[in-house]
>>> print(open('upload13.cif').read())   # mmCIF, C-alpha atoms and all ligand atoms
data_structure
#
loop_
_atom_site.group_PDB
_atom_site.id
_atom_site.type_symbol
_atom_site.label_atom_id
_atom_site.label_comp_id
_atom_site.auth_asym_id
_atom_site.auth_seq_id
_atom_site.Cartn_x
_atom_site.Cartn_y
_atom_site.Cartn_z
ATOM 1 C CA MET A 1 8.802 -2.238 15.878
ATOM 2 C CA LEU A 2 5.322 -3.217 14.753
ATOM 3 C CA GLU A 3 2.405 -3.001 17.163
ATOM 4 C CA VAL A 4 -1.062 -3.972 15.990
ATOM 5 C CA SER A 5 -3.672 -3.259 18.653
ATOM 6 C CA ASP A 6 -7.293 -4.258 18.595
ATOM 7 C CA LEU A 7 -7.388 -3.936 14.823
ATOM 8 C CA THR A 8 -10.827 -4.848 13.507
ATOM 9 C CA PHE A 9 -11.972 -5.504 9.982
ATOM 10 C CA ARG A 10 -15.032 -7.137 8.478
ATOM 11 C CA TYR A 11 -15.725 -9.027 5.263
ATOM 12 C CA GLU A 12 -19.408 -9.829 5.139
ATOM 13 C CA ASP A 13 -19.977 -12.312 7.969
ATOM 14 C CA LEU A 14 -16.366 -12.675 9.122
ATOM 15 C CA THR A 15 -15.212 -10.122 11.694
ATOM 16 C CA MET A 16 -11.496 -10.128 12.276
ATOM 17 C CA VAL A 17 -9.696 -8.752 15.320
ATOM 18 C CA PHE A 18 -5.917 -8.701 15.462
ATOM 19 C CA ASP A 19 -3.361 -7.980 18.186
ATOM 20 C CA LEU A 20 0.263 -8.543 17.336
ATOM 21 C CA SER A 21 3.700 -7.215 18.071
ATOM 22 C CA VAL A 22 6.936 -7.794 16.229
ATOM 23 C CA VAL A 23 10.320 -6.626 17.466
ATOM 24 C CA ARG A 24 12.899 -4.954 15.250
ATOM 25 C CA GLY A 25 14.991 -7.323 13.184
ATOM 26 C CA GLU A 26 12.769 -10.305 13.876
ATOM 27 C CA CYS A 27 11.045 -12.589 11.356
ATOM 28 C CA LEU A 28 7.530 -13.518 12.395
ATOM 29 C CA ALA A 29 5.542 -16.118 10.440
ATOM 30 C CA LEU A 30 1.758 -15.944 10.117
ATOM 31 C CA LEU A 31 0.506 -19.471 9.610
ATOM 32 C CA GLY A 32 -3.015 -20.711 9.321
ATOM 33 C CA PRO A 33 -5.700 -22.278 7.187
ATOM 34 C CA SER A 34 -6.976 -20.733 4.003
ATOM 35 C CA GLY A 35 -9.435 -17.929 4.630
ATOM 36 C CA GLY A 36 -8.195 -17.341 8.178
ATOM 37 C CA GLY A 37 -7.255 -13.722 7.520
ATOM 38 C CA LYS A 38 -3.497 -13.840 6.972
ATOM 39 C CA SER A 39 -3.518 -11.790 3.777
ATOM 40 C CA THR A 40 -6.069 -9.398 5.223
ATOM 41 C CA LEU A 41 -3.809 -8.703 8.201
ATOM 42 C CA LEU A 42 -0.872 -8.072 5.881
ATOM 43 C CA ASN A 43 -3.000 -5.769 3.709
ATOM 44 C CA LEU A 44 -4.087 -3.827 6.789
ATOM 45 C CA ILE A 45 -0.445 -3.392 7.880
ATOM 46 C CA ALA A 46 0.546 -2.286 4.362
ATOM 47 C CA GLY A 47 -2.410 0.100 4.177
ATOM 48 C CA PHE A 48 -4.208 -1.583 1.263
ATOM 49 C CA GLU A 49 -7.220 -2.149 3.519
ATOM 50 C CA LYS A 50 -8.693 0.243 6.075
ATOM 51 C CA PRO A 51 -9.587 -1.109 9.521
ATOM 52 C CA LEU A 52 -12.915 -0.379 11.204
ATOM 53 C CA SER A 53 -11.072 0.416 14.419
ATOM 54 C CA GLY A 54 -7.806 -0.187 16.204
ATOM 55 C CA ARG A 55 -4.278 1.022 15.683
ATOM 56 C CA ILE A 56 -1.074 0.157 13.826
ATOM 57 C CA MET A 57 2.178 1.589 15.172
ATOM 58 C CA ILE A 58 5.470 1.223 13.320
ATOM 59 C CA ASP A 59 8.643 2.411 15.032
ATOM 60 C CA GLY A 60 6.575 4.308 17.573
ATOM 61 C CA ARG A 61 4.553 6.147 14.917
ATOM 62 C CA ASP A 62 0.827 5.717 14.415
ATOM 63 C CA VAL A 63 0.472 4.807 10.720
ATOM 64 C CA THR A 64 -3.184 3.735 10.827
ATOM 65 C CA ALA A 65 -4.381 6.692 8.754
ATOM 66 C CA LEU A 66 -1.433 6.795 6.349
ATOM 67 C CA SER A 67 -1.564 5.696 2.703
ATOM 68 C CA PRO A 68 0.525 2.660 1.676
ATOM 69 C CA ALA A 69 3.221 4.868 0.133
ATOM 70 C CA GLU A 70 3.606 6.817 3.353
ATOM 71 C CA ARG A 71 4.205 3.731 5.470
ATOM 72 C CA PRO A 72 7.724 2.439 6.139
ATOM 73 C CA VAL A 73 6.671 -0.882 4.643
ATOM 74 C CA THR A 74 7.320 -2.831 1.469
ATOM 75 C CA SER A 75 5.374 -5.880 0.324
ATOM 76 C CA LEU A 76 6.152 -8.882 -1.834
ATOM 77 C CA PHE A 77 3.375 -11.101 -3.139
ATOM 78 C CA GLN A 78 3.184 -14.278 -5.164
ATOM 79 C CA GLU A 79 2.133 -12.147 -8.130
ATOM 80 C CA HIS A 80 5.239 -10.082 -8.496
ATOM 81 C CA ASN A 81 3.921 -7.688 -11.139
ATOM 82 C CA LEU A 82 7.083 -7.196 -13.099
ATOM 83 C CA PHE A 83 6.693 -5.056 -16.201
ATOM 84 C CA ALA A 84 7.170 -7.281 -19.239
ATOM 85 C CA HIS A 85 8.669 -4.569 -21.445
ATOM 86 C CA LEU A 86 11.248 -3.426 -18.885
ATOM 87 C CA SER A 87 14.604 -5.051 -18.188
ATOM 88 C CA VAL A 88 15.528 -6.641 -14.872
ATOM 89 C CA ALA A 89 17.480 -3.525 -13.856
ATOM 90 C CA GLN A 90 14.622 -1.220 -14.856
ATOM 91 C CA ASN A 91 12.096 -3.290 -12.942
ATOM 92 C CA VAL A 92 14.287 -2.982 -9.852
ATOM 93 C CA GLY A 93 14.796 0.744 -10.517
ATOM 94 C CA LEU A 94 11.030 1.253 -10.309
ATOM 95 C CA GLY A 95 11.394 0.693 -6.572
ATOM 96 C CA LEU A 96 13.465 3.880 -6.426
ATOM 97 C CA ASP A 97 11.556 6.043 -8.879
ATOM 98 C CA PRO A 98 8.355 5.083 -10.710
ATOM 99 C CA GLY A 99 9.456 7.416 -13.545
ATOM 100 C CA LEU A 100 12.845 5.638 -13.771
ATOM 101 C CA ARG A 101 14.758 8.910 -13.554
ATOM 102 C CA LEU A 102 17.842 7.283 -12.071
ATOM 103 C CA GLY A 103 21.149 9.049 -11.551
ATOM 104 C CA PRO A 104 24.494 7.299 -11.013
ATOM 105 C CA ALA A 105 23.846 6.787 -7.283
ATOM 106 C CA GLU A 106 20.460 5.167 -7.930
ATOM 107 C CA ARG A 107 21.889 2.954 -10.661
ATOM 108 C CA GLU A 108 24.559 1.825 -8.208
ATOM 109 C CA THR A 109 21.848 1.023 -5.642
ATOM 110 C CA VAL A 110 20.090 -1.118 -8.258
ATOM 111 C CA ARG A 111 23.357 -2.851 -9.124
ATOM 112 C CA GLN A 112 24.027 -3.652 -5.467
ATOM 113 C CA ALA A 113 20.531 -5.020 -4.968
ATOM 114 C CA LEU A 114 21.031 -7.302 -7.978
ATOM 115 C CA VAL A 115 24.317 -8.498 -6.466
ATOM 116 C CA ARG A 116 22.525 -9.301 -3.215
ATOM 117 C CA VAL A 117 19.894 -11.418 -4.944
ATOM 118 C CA GLU A 118 22.541 -12.967 -7.221
ATOM 119 C CA LEU A 119 21.213 -11.661 -10.523
ATOM 120 C CA THR A 120 24.112 -9.499 -11.684
ATOM 121 C CA ASP A 121 24.553 -11.165 -15.047
ATOM 122 C CA LEU A 122 20.903 -10.924 -15.974
ATOM 123 C CA GLU A 123 20.268 -7.228 -15.522
ATOM 124 C CA HIS A 124 19.503 -6.594 -19.202
ATOM 125 C CA ARG A 125 17.063 -9.468 -19.623
ATOM 126 C CA LEU A 126 13.303 -9.112 -19.838
ATOM 127 C CA PRO A 127 11.090 -10.926 -17.291
ATOM 128 C CA ALA A 128 9.966 -13.435 -19.959
ATOM 129 C CA GLN A 129 13.582 -14.558 -20.280
ATOM 130 C CA LEU A 130 13.803 -15.527 -16.603
ATOM 131 C CA SER A 131 12.728 -18.526 -14.537
ATOM 132 C CA GLY A 132 10.019 -18.131 -11.898
ATOM 133 C CA GLY A 133 12.611 -18.080 -9.126
ATOM 134 C CA GLN A 134 14.662 -15.456 -10.929
ATOM 135 C CA ARG A 135 11.567 -13.296 -11.403
ATOM 136 C CA GLN A 136 10.872 -13.488 -7.683
ATOM 137 C CA ARG A 137 14.445 -12.416 -6.995
ATOM 138 C CA VAL A 138 13.903 -9.369 -9.229
ATOM 139 C CA ALA A 139 10.780 -8.517 -7.245
ATOM 140 C CA LEU A 140 12.690 -9.010 -3.997
ATOM 141 C CA ALA A 141 15.476 -6.706 -5.236
ATOM 142 C CA ARG A 142 12.862 -4.085 -6.094
ATOM 143 C CA SER A 143 11.533 -4.338 -2.531
ATOM 144 C CA LEU A 144 15.051 -4.004 -1.134
ATOM 145 C CA VAL A 145 15.954 -0.785 -2.956
ATOM 146 C CA ARG A 146 12.969 0.893 -1.354
ATOM 147 C CA ARG A 147 14.855 0.634 1.948
ATOM 148 C CA ARG A 148 11.761 0.272 4.064
ATOM 149 C CA PRO A 149 12.482 -1.327 7.427
ATOM 150 C CA LEU A 150 9.436 -3.629 7.419
ATOM 151 C CA LEU A 151 9.165 -6.318 4.718
ATOM 152 C CA LEU A 152 5.820 -8.088 4.307
ATOM 153 C CA LEU A 153 5.866 -11.373 2.390
ATOM 154 C CA ASP A 154 2.591 -12.952 1.307
ATOM 155 C CA GLU A 155 3.458 -16.470 0.138
ATOM 156 C CA PRO A 156 5.839 -15.043 -2.439
ATOM 157 C CA PHE A 157 7.672 -18.298 -3.080
ATOM 158 C CA SER A 158 4.875 -20.843 -2.847
ATOM 159 C CA ALA A 159 4.776 -21.405 -6.621
ATOM 160 C CA LEU A 160 8.453 -22.382 -6.682
ATOM 161 C CA ASP A 161 9.700 -25.935 -6.377
ATOM 162 C CA PRO A 162 10.715 -26.934 -2.824
ATOM 163 C CA GLY A 163 14.479 -26.504 -3.184
ATOM 164 C CA LEU A 164 14.126 -23.106 -4.795
ATOM 165 C CA ARG A 165 11.555 -22.045 -2.202
ATOM 166 C CA LEU A 166 13.880 -22.871 0.673
ATOM 167 C CA GLY A 167 16.727 -21.106 -1.142
ATOM 168 C CA MET A 168 14.608 -17.955 -1.431
ATOM 169 C CA LEU A 169 13.689 -18.151 2.248
ATOM 170 C CA ASP A 170 17.367 -18.443 3.135
ATOM 171 C CA LEU A 171 18.056 -15.394 0.978
ATOM 172 C CA VAL A 172 15.364 -13.432 2.827
ATOM 173 C CA ASP A 173 16.873 -14.555 6.115
ATOM 174 C CA ARG A 174 20.322 -13.397 5.064
ATOM 175 C CA LEU A 175 19.009 -10.039 3.844
ATOM 176 C CA ARG A 176 17.105 -9.590 7.091
ATOM 177 C CA ARG A 177 20.323 -10.020 9.065
ATOM 178 C CA GLU A 178 22.478 -7.933 6.718
ATOM 179 C CA GLN A 179 20.041 -5.042 6.441
ATOM 180 C CA GLY A 180 18.382 -5.216 9.848
ATOM 181 C CA LEU A 181 14.976 -5.779 8.240
ATOM 182 C CA THR A 182 11.914 -6.787 10.180
ATOM 183 C CA VAL A 183 9.982 -9.459 8.268
ATOM 184 C CA VAL A 184 6.412 -10.743 8.481
ATOM 185 C CA LEU A 185 5.933 -13.874 6.374
ATOM 186 C CA VAL A 186 2.524 -15.285 5.518
ATOM 187 C CA SER A 187 2.550 -18.978 4.689
ATOM 188 C CA HIS A 188 0.480 -22.125 4.573
ATOM 189 C CA ASN A 189 3.579 -24.162 5.144
ATOM 190 C CA PRO A 190 4.965 -24.878 8.639
ATOM 191 C CA GLN A 191 8.331 -25.697 7.024
ATOM 192 C CA ASP A 192 8.654 -22.066 5.908
ATOM 193 C CA ALA A 193 8.166 -20.874 9.460
ATOM 194 C CA LEU A 194 10.631 -23.409 10.848
ATOM 195 C CA ARG A 195 13.166 -22.348 8.260
ATOM 196 C CA ILE A 196 13.364 -18.616 8.974
ATOM 197 C CA ALA A 197 10.890 -17.418 11.611
ATOM 198 C CA ALA A 198 11.957 -17.362 15.240
ATOM 199 C CA ARG A 199 8.353 -16.710 16.177
ATOM 200 C CA THR A 200 5.066 -17.766 14.653
ATOM 201 C CA ALA A 201 1.495 -16.615 15.087
ATOM 202 C CA PHE A 202 -1.329 -18.994 14.183
ATOM 203 C CA LEU A 203 -4.398 -17.357 12.632
ATOM 204 C CA SER A 204 -7.774 -18.865 12.080
ATOM 205 C CA GLU A 205 -11.206 -17.341 11.489
ATOM 206 C CA GLY A 206 -9.937 -13.808 11.820
ATOM 207 C CA ARG A 207 -8.143 -14.246 15.153
ATOM 208 C CA ILE A 208 -4.627 -14.983 16.295
ATOM 209 C CA LEU A 209 -5.281 -18.108 18.311
ATOM 210 C CA ALA A 210 -1.723 -18.799 19.446
ATOM 211 C CA GLN A 211 1.766 -17.402 19.099
ATOM 212 C CA GLY A 212 5.215 -18.193 20.361
ATOM 213 C CA PRO A 213 8.645 -19.503 19.404
ATOM 214 C CA THR A 214 8.078 -21.415 16.173
ATOM 215 C CA GLU A 215 9.255 -24.842 17.318
ATOM 216 C CA ASN A 216 7.304 -24.678 20.567
ATOM 217 C CA LEU A 217 4.176 -23.531 18.824
ATOM 218 C CA LEU A 218 4.343 -26.210 16.132
ATOM 219 C CA SER A 219 5.074 -29.008 18.567
ATOM 220 C CA GLY A 220 2.339 -27.890 20.946
ATOM 221 C CA THR A 221 -1.045 -29.474 21.262
ATOM 222 C CA GLU A 222 -3.199 -26.378 21.627
ATOM 223 C CA PRO A 223 -5.415 -25.005 20.259
ATOM 224 C CA ALA A 224 -7.377 -27.723 18.467
ATOM 225 C CA ALA A 225 -7.503 -25.616 15.281
ATOM 226 C CA LEU A 226 -3.706 -25.677 15.176
ATOM 227 C CA ARG A 227 -3.648 -29.475 15.486
ATOM 228 C CA MET A 228 -6.159 -29.683 12.641
ATOM 229 C CA PHE A 229 -4.053 -27.341 10.536
ATOM 230 C CA LEU A 230 -0.885 -29.335 11.179
ATOM 231 C CA GLY A 231 -2.647 -32.630 10.638
ATOM 232 C CA THR A 232 -1.617 -33.817 14.096
ATOM 233 C CA SER A 233 -5.166 -33.949 15.399
ATOM 234 C CA GLN A 234 -6.148 -37.346 16.839
ATOM 235 C CA SER A 235 -9.355 -38.644 15.302
ATOM 236 C CA GLY A 236 -11.930 -37.936 17.914
ATOM 237 C CA SER A 237 -15.212 -39.483 18.877
ATOM 238 C CA GLY A 238 -17.245 -41.201 16.232
ATOM 239 C CA ASP A 239 -14.555 -43.359 14.684
ATOM 240 C CA GLY A 240 -14.458 -46.112 17.203
HETATM 241 N N1 LIG A 301 -12.367 -8.745 -1.179
HETATM 242 C C1 LIG A 301 -13.015 -9.556 -0.359
HETATM 243 N N2 LIG A 301 -14.348 -9.463 -0.210
HETATM 244 C C2 LIG A 301 -15.023 -10.270 0.620
HETATM 245 N N3 LIG A 301 -14.433 -11.218 1.397
HETATM 246 C C3 LIG A 301 -13.103 -11.356 1.288
HETATM 247 C C4 LIG A 301 -12.330 -10.540 0.408
HETATM 248 N N4 LIG A 301 -11.035 -10.896 0.546
HETATM 249 C C5 LIG A 301 -11.002 -11.892 1.460
HETATM 250 N N5 LIG A 301 -12.241 -12.155 1.894
HETATM 251 C C6 LIG A 301 -12.603 -13.146 2.903
HETATM 252 O O1 LIG A 301 -11.888 -12.834 4.089
HETATM 253 C C7 LIG A 301 -11.452 -14.016 4.739
HETATM 254 C C8 LIG A 301 -9.966 -13.939 4.965
HETATM 255 O O2 LIG A 301 -9.294 -13.958 3.734
HETATM 256 P P1 LIG A 301 -7.720 -13.873 3.630
HETATM 257 O O3 LIG A 301 -7.381 -13.833 2.179
HETATM 258 O O4 LIG A 301 -7.230 -12.782 4.482
HETATM 259 O O5 LIG A 301 -7.293 -15.265 4.264
HETATM 260 P P2 LIG A 301 -5.914 -16.011 4.178
HETATM 261 O O6 LIG A 301 -5.689 -16.605 5.521
HETATM 262 O O7 LIG A 301 -4.848 -15.135 3.638
HETATM 263 O O8 LIG A 301 -6.254 -17.147 3.131
HETATM 264 P P3 LIG A 301 -5.321 -17.830 2.022
HETATM 265 O O9 LIG A 301 -4.299 -18.599 2.796
HETATM 266 O O10 LIG A 301 -6.257 -18.715 1.259
HETATM 267 O O11 LIG A 301 -4.733 -16.749 1.172
HETATM 268 C C9 LIG A 301 -11.894 -15.160 3.846
HETATM 269 O O12 LIG A 301 -13.086 -15.682 4.395
HETATM 270 C C10 LIG A 301 -12.155 -14.516 2.521
HETATM 271 O O13 LIG A 301 -13.152 -15.212 1.811
#
>>> encode(input="upload13.cif", output="structure tokens", more="lines below")
Ligand SMILES: Nc1ncnc2c1ncn2[C@@H]1O[C@H](COP(=O)(O)OP(=O)(O)OP(=O)(O)O)[C@@H](O)[C@H]1O
Amino acid sequence: MLEVSDLTFRYEDLTMVFDLSVVRGECLALLGPSGGGKSTLLNLIAGFEKPLSGRIMIDGRDVTALSPAERPVTSLFQEHNLFAHLSVAQNVGLGLDPGLRLGPAERETVRQALVRVELTDLEHRLPAQLSGGQRQRVALARSLVRRRPLLLLDEPFSALDPGLRLGMLDLVDRLRREQGLTVVLVSHNPQDALRIAARTAFLSEGRILAQGPTENLLSGTEPAALRMFLGTSQSGSGDG
């Protein structure tokens, strides 16, 4: 579904090179230490950053030169950018039409998305009248109405308390199955990957150092950077 080949990008002294493939309907987690390049990889896939070289294919189509709006991709970030003066339903409707010219069919699509994220009773509220978790569900609903097959999540729930965070991950998992979405989830937290990602790629210093089924990868002992990240590294020489 998603094929990233030899994709290179540079920020000052860090050169990043990514190779990755994700099959349709799968959830892949990108785990790794801060500054490893997780968000950069997501931004390259979404088209917010331009690679120096390499290729991104989505559903067999080369999207490397396409603008973000032309890509069959939708993104959800920790900063959900809801418009404070618009209601919940209007914020979701923006995913269908930035000018909010919504006919009956579009309004029904918005209503259904709000049902899916369990916000039906709150559609007339303003973002300030919602909890953080509810605001993230509005942002998720807005992503859903765009009906893009690839959903990119960049730590969207990390500011939520643990129970709410896991609830949101479960919701994403359910939506993935119901709508046949392909999901790439960036996280610092191995628990997030264990919760919903069948496969995980570990990124550090601009490279994918390991990938595989999530449980295998997280219980493995290689590479050393992964052990450090997980905190399972034995203290080495110098402490005896
Ligand atoms: N706009 C920028 N200009 C220069 N360097 C940047 C910029 N954005 C990111 N970087 C650098 O690129 C590297 C990768 O950053 P990136 O945000 O992709 O990492 P990350 O793994 O998502 O980190 P985090 O988990 O902290 O969000 C870091 O060294 C970062 O300092």
>>> atom_distance(input="upload13.cif", atom1="atom CA of Phe157 of chain A", atom2="atom CA of Ala69 of chain A")
23.8 Å
>>> closest_atom_pairs(input="upload13.cif", of="segment 30-79 of chain A", to="segment 164-188 of chain A", cutoff="10 Å", atoms="all atoms listed in the file", output="tab-separated table")
residue	atom	partner	partner_atom	distance
A:Leu30	CA	A:Val186	CA	4.7
A:Leu31	CA	A:Ser187	CA	5.4
A:Gly32	CA	A:His188	CA	6.1
A:Pro33	CA	A:His188	CA	6.7
A:Ser34	CA	A:His188	CA	7.6
A:Lys38	CA	A:Val186	CA	6.4
A:Ser39	CA	A:Val186	CA	7.2
A:Leu41	CA	A:Val186	CA	9.5
A:Leu42	CA	A:Val186	CA	8.0
A:Val73	CA	A:Thr182	CA	9.6
A:Thr74	CA	A:Val183	CA	9.9
A:Ser75	CA	A:Val184	CA	9.6
A:Leu76	CA	A:Leu185	CA	9.6
A:Phe77	CA	A:Val186	CA	9.7
>>> resolve_selection(input="upload13.cif", expression="the PyMOL selection byres (((chain A and resi 97) around 12) and not hetatm)", output="PyMOL selection string")
chain A and resi 90-96+98-103+106-107+109-110+142+145-146
>>> closest_residue(input="upload13.cif", among="A:Pro223, A:Gly47, A:Gly206, A:Gly212", to="ligand LIG 301 (chain A)", atoms="all atoms listed in the file")
A:Gly206
>>> closest_residue(input="upload13.cif", among="A:Ala139, A:Leu20, A:Leu160, A:Leu153", to="ligand LIG 301 (chain A)", atoms="only C-alpha atoms and all ligand atoms")
A:Leu153
>>> resolve_selection(input="upload13.cif", expression="the PyMOL selection byres (((chain A and resi 116-133) around 9) and not hetatm)", output="NGL selection string")
:A and (82-91 or 111-115 or 134-138 or 140-141 or 157 or 159-161 or 164-165 or 168 or 171 or 175)
>>> atom_distance(input="upload13.cif", atom1="atom CA of Pro156 of chain A", atom2="atom CA of Asn81 of chain A")
11.6 Å
>>> atom_distance(input="upload13.cif", atom1="atom CA of Ala105 of chain A", atom2="atom CA of Leu150 of chain A")
23.1 Å
>>> residues_around(input="upload13.cif", residues="Leu28 of chain A", least_positions_apart="3", cutoff="8 Å", atoms="only C-alpha atoms", output="PyMOL selection string")
chain A and resi 22+183-185+193+197-201
>>> write_last_selection(input="upload13.cif", atoms="C-alpha atoms", output="compact mmCIF listing (two decimals), in the coordinates of the input")
# COMPACT_ATOMS: atom_id res chain seq x y z
CA VAL A 22 6.94 -7.79 16.23
CA VAL A 183 9.98 -9.46 8.27
CA VAL A 184 6.41 -10.74 8.48
CA LEU A 185 5.93 -13.87 6.37
CA ALA A 193 8.17 -20.87 9.46
CA ALA A 197 10.89 -17.42 11.61
CA ALA A 198 11.96 -17.36 15.24
CA ARG A 199 8.35 -16.71 16.18
CA THR A 200 5.07 -17.77 14.65
CA ALA A 201 1.50 -16.61 15.09
>>> axis_aligned_box(input="upload13.cif", around="ligand LIG 301 (chain A)", padding_each_side="8 Å", output="JSON")
{"center_x": -9.7, "center_y": -13.7, "center_z": 2.2, "size_x": 26.7, "size_y": 26.0, "size_z": 22.7}
>>> closest_residue(input="upload13.cif", among="A:Arg55, A:Arg147, A:Arg207, A:Arg71", to="ligand LIG 301 (chain A)", atoms="only C-alpha atoms and all ligand atoms")
A:Arg207
>>> closest_residue(input="upload13.cif", among="A:Ile58, A:Leu44, A:Val63, A:Leu230", to="ligand LIG 301 (chain A)", atoms="only C-alpha atoms and all ligand atoms")
A:Leu44
>>> resolve_selection(input="upload13.cif", expression="the PyMOL selection byres (((chain A and resi 62) around 12) and not hetatm)", output="JSON, numbers by chain")
{"A": [1, 2, 3, 4, 5, 45, 54, 55, 56, 57, 58, 59, 60, 61, 63, 64, 65, 66, 67, 70, 71, 72]}
>>> closest_residue(input="upload13.cif", among="A:Ser158, A:Glu205, A:Thr232, A:Pro149", to="ligand LIG 301 (chain A)", atoms="only C-alpha atoms and all ligand atoms")
A:Glu205
>>> closest_residue(input="upload13.cif", among="A:Leu194, A:Leu14, A:Val23, A:Ala225", to="ligand LIG 301 (chain A)", atoms="all atoms listed in the file")
A:Leu14
